Amino acid sequence: MAYSEPVRTTAPTRPTVRPISAAEHLAFVRAQRSVSFLQTPAWGRVKTEWRSESLGWFDGGRLVGAGLVLHRPVPRLERFTLAYLPEGPVIDWTGDIDAWLDPLAAYLKALGAFAVRLGPPVCTDVWSADEIKEGIADPGTRRLTGLPTRWTDPVGAHVTDRLRDAGWLPQSPEDGFGVGHPQFKYEVPLAGRTEDDLLKGMNQLWRRNIRKAAKEGVEVTLGDATPGYAAAGEAAVADDVKAFHDLYVHTAERDRFTPRPLRYFATMFAVLGAEDPERIKLYLARHRGDLVAATVMVRVGAHAVYAYGASSTGKREVRGSNACQWAMIRDALAADCDVYDLRGITPTLDADDPHVGLIKFKVGTGGRAVRYVGEWDLPLRPLVYRTFDLYMKRRGR
């Protein structure tokens, strides 16, 4: 079960929500087939600019749900916080979700939250690679949502309707990207498949690039995240993590995005790796000693996520990025994962939209595009929430 499928349990008739320890939270996560890494207790220690806590839902004395809550104060109103559960919480989304969310809202309001923001890990729609290819080829189709065929998840439809009826406000932007986590993702199903099945599902270009990397002698190895490098005024950082970050900064300059600082990745590897030695892995692709690509994979249970990637501008012809992707897919398959998650896409199929290249690249894996319920806000203190919303709009969210 991927985390896009709800935890199956019985909704408590008289639910209670209270803090739980990191150990209790981690034990609950490990008991699930799959959970988003953004809902592990360690993720709260990665997001150092937020205050974090683990919450549990109890049916009597039995822990039946859990969530990582990130708290962030309002500028100039520090006693109020936005309470954020990214890609969570981990509850049963199939039944009466009010039984789960009402006690959560009551607890957080009493704690000083002015609003709750959450992202239910539940999908609403799925499009196959073939459907997407047909849409891209059709000049009359501009968006995934405009395709005539798709699979719609009744659970996702139920959750969307119930949140709206209960006063929750949708936050996911129309283009699929925003300040939160993406509503549209691209995933490769792995359950019941072999390496040969996966290669056959890829398009000709992906297969050719994987073979090209092997023929050119590209070697993909797992990086060592053991701290060793220390920049001025910073904690020690592993040499391989520093090498990845250098290439990542180079990629950011070329592709014009703002890179995260080295200390963020140092913390991410240290904290997630301490929680579970199989949680996070660094892949380094080298060609004749030159680092040509590097990627980061994070896994919780049966869900493997391509979290970050970087590539050199030189030697692109040796296809180091494809070699890294294939190594991660093979490792996810060997770990009995249900899905390999390539993360965010936009829903555009418009040939004139610069974002269409992203879905074209990912559709070559032969996977599927998935729309999730998206992120939703519940204002608990409407005046403070409106002030916060105006502040975010002024700074461009």
# chains A, B, ... in the order shown; residues from 1 in each chain; ligands from 1

$ residues_around --residues "A:Glu131" --least-positions-apart "4" --cutoff "10 Å" --atoms "only C-alpha atoms" --output "list in words"
Val126, Trp127, Gly135, Ile136, Leu144, Leu147, Pro148, Thr149, Arg150, Arg368 and Ala369 of chain A

$ select_by_dssp --residues "stretch 25-118 of chain A" --states "strand (DSSP E)" --output "PyMOL selection string"
chain A and resi 51-59+62-74+77-85+113-118

$ closest_residue --among "A:Ala42, A:Val122, A:Ala323, A:Val69" --to "A:Phe269" --atoms "only C-alpha atoms"
A:Ala42

$ atom_distance --atom1 "atom CA of A:Gly95" --atom2 "atom CA of A:Ala166"
14.6 Å

$ closest_residue --among "A:Pro189, A:Pro103, A:Gly156, A:Gly140" --to "A:Thr365" --atoms "only C-alpha atoms"
A:Pro189

$ select_by_dssp --residues "stretch 118-223 of chain A" --states "alpha helix (DSSP H)" --output "ChimeraX atom specification"
/A:129-137,154-165,195-201,204-215

$ closest_residue --among "A:Arg381, A:Arg316, A:Arg211, A:Arg260" --to "A:Ala106" --atoms "only C-alpha atoms"
A:Arg381
